[in-house]
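Next up, my_file.csv (CSV, C-alpha atoms):
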chain,number,residue,atom,x,y,z
A,39,MET,CA,-113.8,60.7,-31.8
A,40,THR,CA,-114.9,62.4,-35.0
A,41,VAL,CA,-112.2,63.7,-37.3
A,42,TYR,CA,-113.0,66.6,-39.6
A,43,ARG,CA,-110.3,66.6,-42.4
A,44,GLY,CA,-109.4,70.1,-43.7
A,45,LEU,CA,-111.2,72.0,-40.9
A,46,THR,CA,-109.2,73.7,-38.3
A,47,GLY,CA,-110.6,74.4,-34.8
A,48,SER,CA,-111.2,78.1,-35.7
A,49,THR,CA,-112.9,77.2,-39.0
A,50,LEU,CA,-115.1,74.6,-37.2
A,51,SER,CA,-116.0,77.2,-34.6
A,52,VAL,CA,-117.1,79.8,-37.2
A,53,LEU,CA,-119.1,77.1,-39.0
A,54,CYS,CA,-120.9,76.1,-35.8
A,55,LEU,CA,-121.5,79.8,-35.0
A,56,GLY,CA,-123.0,80.3,-38.5
A,57,VAL,CA,-125.5,77.4,-37.9
A,58,ILE,CA,-126.5,78.8,-34.5
A,59,ALA,CA,-126.9,82.4,-35.9
A,60,CYS,CA,-129.3,81.1,-38.6
A,61,SER,CA,-131.5,79.2,-36.2
A,62,SER,CA,-134.2,80.8,-34.0
A,63,SER,CA,-135.7,79.7,-30.7
A,64,VAL,CA,-138.9,81.6,-31.6
A,65,GLU,CA,-139.4,80.5,-35.2
A,66,PRO,CA,-141.0,77.0,-35.2
A,67,SER,CA,-140.7,74.9,-38.3
A,68,GLN,CA,-144.4,74.0,-38.0
A,69,SER,CA,-147.7,75.5,-37.2
A,70,VAL,CA,-148.9,76.4,-33.7
A,71,THR,CA,-152.3,75.6,-32.2
A,72,LEU,CA,-154.9,77.9,-30.7
A,73,GLN,CA,-157.6,76.5,-28.3
A,74,VAL,CA,-160.6,78.8,-28.6
A,75,THR,CA,-163.4,78.8,-26.0
A,76,ASN,CA,-166.7,80.1,-27.5
A,77,GLN,CA,-168.1,82.5,-25.0
A,78,THR,CA,-171.4,82.7,-26.8
A,79,CYS,CA,-172.2,79.1,-25.5
A,80,SER,CA,-172.7,80.4,-22.0
A,81,PRO,CA,-175.6,80.5,-21.1
A,82,GLY,CA,-177.4,79.8,-24.4
A,83,PRO,CA,-176.9,78.0,-27.6
A,84,CYS,CA,-173.5,78.5,-29.3
A,85,ALA,CA,-173.2,81.0,-32.1
A,86,PRO,CA,-170.8,80.0,-34.8
A,87,LEU,CA,-167.7,82.3,-34.8
A,88,GLN,CA,-165.3,82.7,-37.7
A,89,ILE,CA,-161.8,83.1,-36.1
A,90,LEU,CA,-159.4,85.5,-37.8
A,91,ALA,CA,-155.7,86.2,-37.0
A,92,PHE,CA,-154.4,89.7,-37.8
A,93,PRO,CA,-150.7,90.0,-38.3
A,94,SER,CA,-149.1,93.1,-36.8
A,95,ASN,CA,-147.3,94.0,-40.0
A,96,GLN,CA,-150.5,95.5,-41.6
A,97,PRO,CA,-150.3,97.4,-44.8
A,98,LYS,CA,-152.6,100.4,-45.3
A,99,THR,CA,-155.2,99.3,-47.8
A,100,PRO,CA,-158.7,100.4,-48.6
A,101,GLY,CA,-159.9,96.8,-48.3
A,102,GLY,CA,-159.6,96.6,-44.5
A,103,PHE,CA,-157.3,94.5,-42.4
A,104,TRP,CA,-155.2,91.7,-43.7
A,105,SER,CA,-156.2,88.5,-41.8
A,106,LEU,CA,-155.6,84.8,-41.8
A,107,ASP,CA,-158.8,82.6,-41.6
A,108,LEU,CA,-158.2,80.1,-38.9
A,109,GLY,CA,-161.6,78.5,-39.1
A,110,VAL,CA,-165.1,78.5,-37.6
A,111,VAL,CA,-165.9,77.5,-34.1
A,112,THR,CA,-169.4,76.0,-33.8
A,113,ALA,CA,-169.1,74.3,-30.4
A,114,ALA,CA,-168.1,75.3,-26.9
A,115,SER,CA,-164.5,75.1,-27.9
A,116,ALA,CA,-162.2,74.1,-30.8
A,117,CYS,CA,-158.5,73.7,-31.5
A,118,LEU,CA,-157.4,75.7,-34.6
A,119,THR,CA,-154.1,75.9,-36.4
A,120,ILE,CA,-152.1,79.0,-36.8
A,121,PRO,CA,-149.8,78.5,-39.8
A,122,ALA,CA,-146.1,79.0,-39.5
A,123,ASN,CA,-146.1,81.7,-42.2
A,124,ALA,CA,-148.3,83.6,-44.7
A,125,THR,CA,-148.1,86.2,-47.4
A,126,PHE,CA,-150.3,89.0,-48.5
A,127,ARG,CA,-149.9,90.8,-51.8
A,128,VAL,CA,-151.0,94.3,-52.6
A,129,SER,CA,-151.2,95.3,-56.3
A,130,GLY,CA,-151.6,98.7,-57.7
A,131,SER,CA,-150.0,101.2,-60.1
A,132,GLY,CA,-148.3,98.4,-62.0
A,133,ALA,CA,-146.4,97.1,-58.9
A,134,THR,CA,-147.1,94.4,-56.4
A,135,THR,CA,-145.8,94.5,-52.8
A,136,THR,CA,-145.6,91.3,-50.8
A,137,TYR,CA,-146.0,91.3,-47.1
A,138,THR,CA,-144.7,88.2,-45.3
A,139,TRP,CA,-145.8,87.1,-41.9
A,140,THR,CA,-144.1,84.4,-39.8
A,141,SER,CA,-145.0,83.0,-36.4
A,142,ALA,CA,-142.1,85.1,-34.9
A,143,ILE,CA,-144.1,88.3,-35.7
A,144,PRO,CA,-146.9,89.3,-33.3
A,145,LEU,CA,-150.6,89.0,-34.3
A,146,SER,CA,-153.9,89.4,-32.6
A,147,VAL,CA,-157.2,87.5,-33.0
A,148,GLY,CA,-160.8,88.6,-33.7
A,149,THR,CA,-164.1,87.1,-34.7
A,150,LEU,CA,-166.9,87.5,-37.2
A,151,LEU,CA,-170.2,85.9,-37.5
A,152,PRO,CA,-170.0,83.8,-40.7
A,153,ALA,CA,-172.5,86.0,-42.5
A,154,GLU,CA,-170.7,89.3,-41.7
A,155,PRO,CA,-168.6,90.9,-44.5
A,156,ARG,CA,-164.9,90.4,-44.1
A,157,LEU,CA,-164.4,94.2,-44.4
A,158,GLN,CA,-165.8,94.6,-40.9
A,159,ALA,CA,-163.3,92.3,-39.4
A,160,ARG,CA,-161.1,93.8,-36.7
A,161,PRO,CA,-158.8,92.3,-34.0
A,162,SER,CA,-160.3,92.1,-30.5
A,163,THR,CA,-157.5,90.6,-28.5
A,164,GLY,CA,-154.1,91.8,-27.4
A,165,THR,CA,-151.1,90.8,-29.5
A,166,PHE,CA,-148.9,87.7,-28.9
A,167,VAL,CA,-146.1,86.0,-30.7
A,168,PRO,CA,-147.4,82.5,-31.8
A,169,GLY,CA,-144.0,80.9,-32.2
A,170,SER,CA,-143.0,81.6,-28.6
A,171,ALA,CA,-145.1,78.7,-27.3
A,172,PRO,CA,-146.3,75.4,-28.7
A,173,GLY,CA,-150.0,76.4,-28.2
A,174,TRP,CA,-152.2,79.2,-27.1
A,175,SER,CA,-155.7,79.5,-25.5
A,176,VAL,CA,-158.2,82.3,-25.7
A,177,THR,CA,-161.9,83.0,-25.0
A,178,LEU,CA,-163.8,84.7,-27.8
A,179,PRO,CA,-165.6,87.0,-28.5
A,180,GLY,CA,-163.8,89.2,-26.1
A,181,ASP,CA,-160.8,91.4,-25.6
A,182,SER,CA,-158.6,89.1,-23.7
A,183,ARG,CA,-155.0,88.3,-24.5
A,184,PRO,CA,-154.2,84.8,-25.6
A,185,THR,CA,-152.2,82.9,-23.1
A,186,PRO,CA,-149.5,80.3,-23.7
A,187,SER,CA,-150.5,76.7,-23.3
A,188,GLY,CA,-149.6,73.2,-24.5
A,189,ALA,CA,-150.5,72.3,-28.1
A,190,CYS,CA,-154.0,71.0,-28.6
A,191,THR,CA,-155.1,68.5,-31.3
A,192,PRO,CA,-157.0,70.1,-34.2
Kindly return the structure encoded in the file as structure tokens.
Amino acid sequence: MTVYRGLTGSTLSVLCLGVIACSSSVEPSQSVTLQVTNQTCSPGPCAPLQILAFPSNQPKTPGGFWSLDLGVVTAASACLTIPANATFRVSGSGATTTYTWTSAIPLSVGTLLPAEPRLQARPSTGTFVPGSAPGWSVTLPGDSRPTPSGACTP
């Protein structure tokens, strides 16, 4: 039996409720994985694809979409890491606005050929909430929606 000196039953209940309220079943404390199947490999040689994730909380900027660079897939498939969080800063008129993304906020995925300018990058998949599963899988390029899966090993 554990004895908590100085805490009444109601105080202990409020304390426990506060801990539960501050935790989230969607927000992981670590990164999530994305298993990417490179559709360019069938039927011919694989084209390298730069994989970008596009948070849904996009600011309106003249520089194109804000994206997270997840890596380049050069083989038939690869396991990439979606970070637990990221920030994007927009500066202008003497002020800076910071946009914060976490894996509890939806995002979508898109591809670029490594030589293409980043300004041309656009999402091509449906949105999903990375933190709602330990891992995801998707076939790119394409307009599919990533599906929940077990975590892969990057």
Out of A:Ala116, A:Val147, A:Ala122, A:Ala159, which residue has the shortest atom-to-atom distance to Asn76 in chain A when counting only C-alpha atoms?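 Closest residue, counting only C-alpha atoms: A:Ala116.
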Skipping near chain neighbours, those fewer than 6 positions away, what residues fall within 8 Å of Pro121 in chain A using all atoms listed in the file, listed as a ChimeraX atom specification? /A:68-70,141
Between CA of Ser170 in chain A and CA of Thr185 in chain A, what is the distance, to one decimal in Å?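 One can read the CA of Ser170 in chain A to CA of Thr185 in chain A distance as 10.8 Å.
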Atom-to-atom span, CA of Gly148 in chain A and CA of Ile120 in chain A, Å: 13.3 Å
List as a ChimeraX atom specification the protein and nucleic acid residues near Pro97 in chain A, meaning an atom at most 8 Å away when all atoms listed in the file are counted, but skip any in the same chain fewer than 3 places from it. /A:103-104,137
Contacts of Thr140 in chain A within 9 Å, only C-alpha atoms, excl. fewer than 6 positions in-chain, as a list in words: Glu65, Pro93, Pro121, Ala122, Asn123, Ala124, Thr125, Pro168 and Gly169 of chain A
Restricting to only C-alpha atoms, whichever of A:Ile89, A:Ala171, A:Cys190, A:Val176 is closest to Leu151 in chain A is A:Ile89
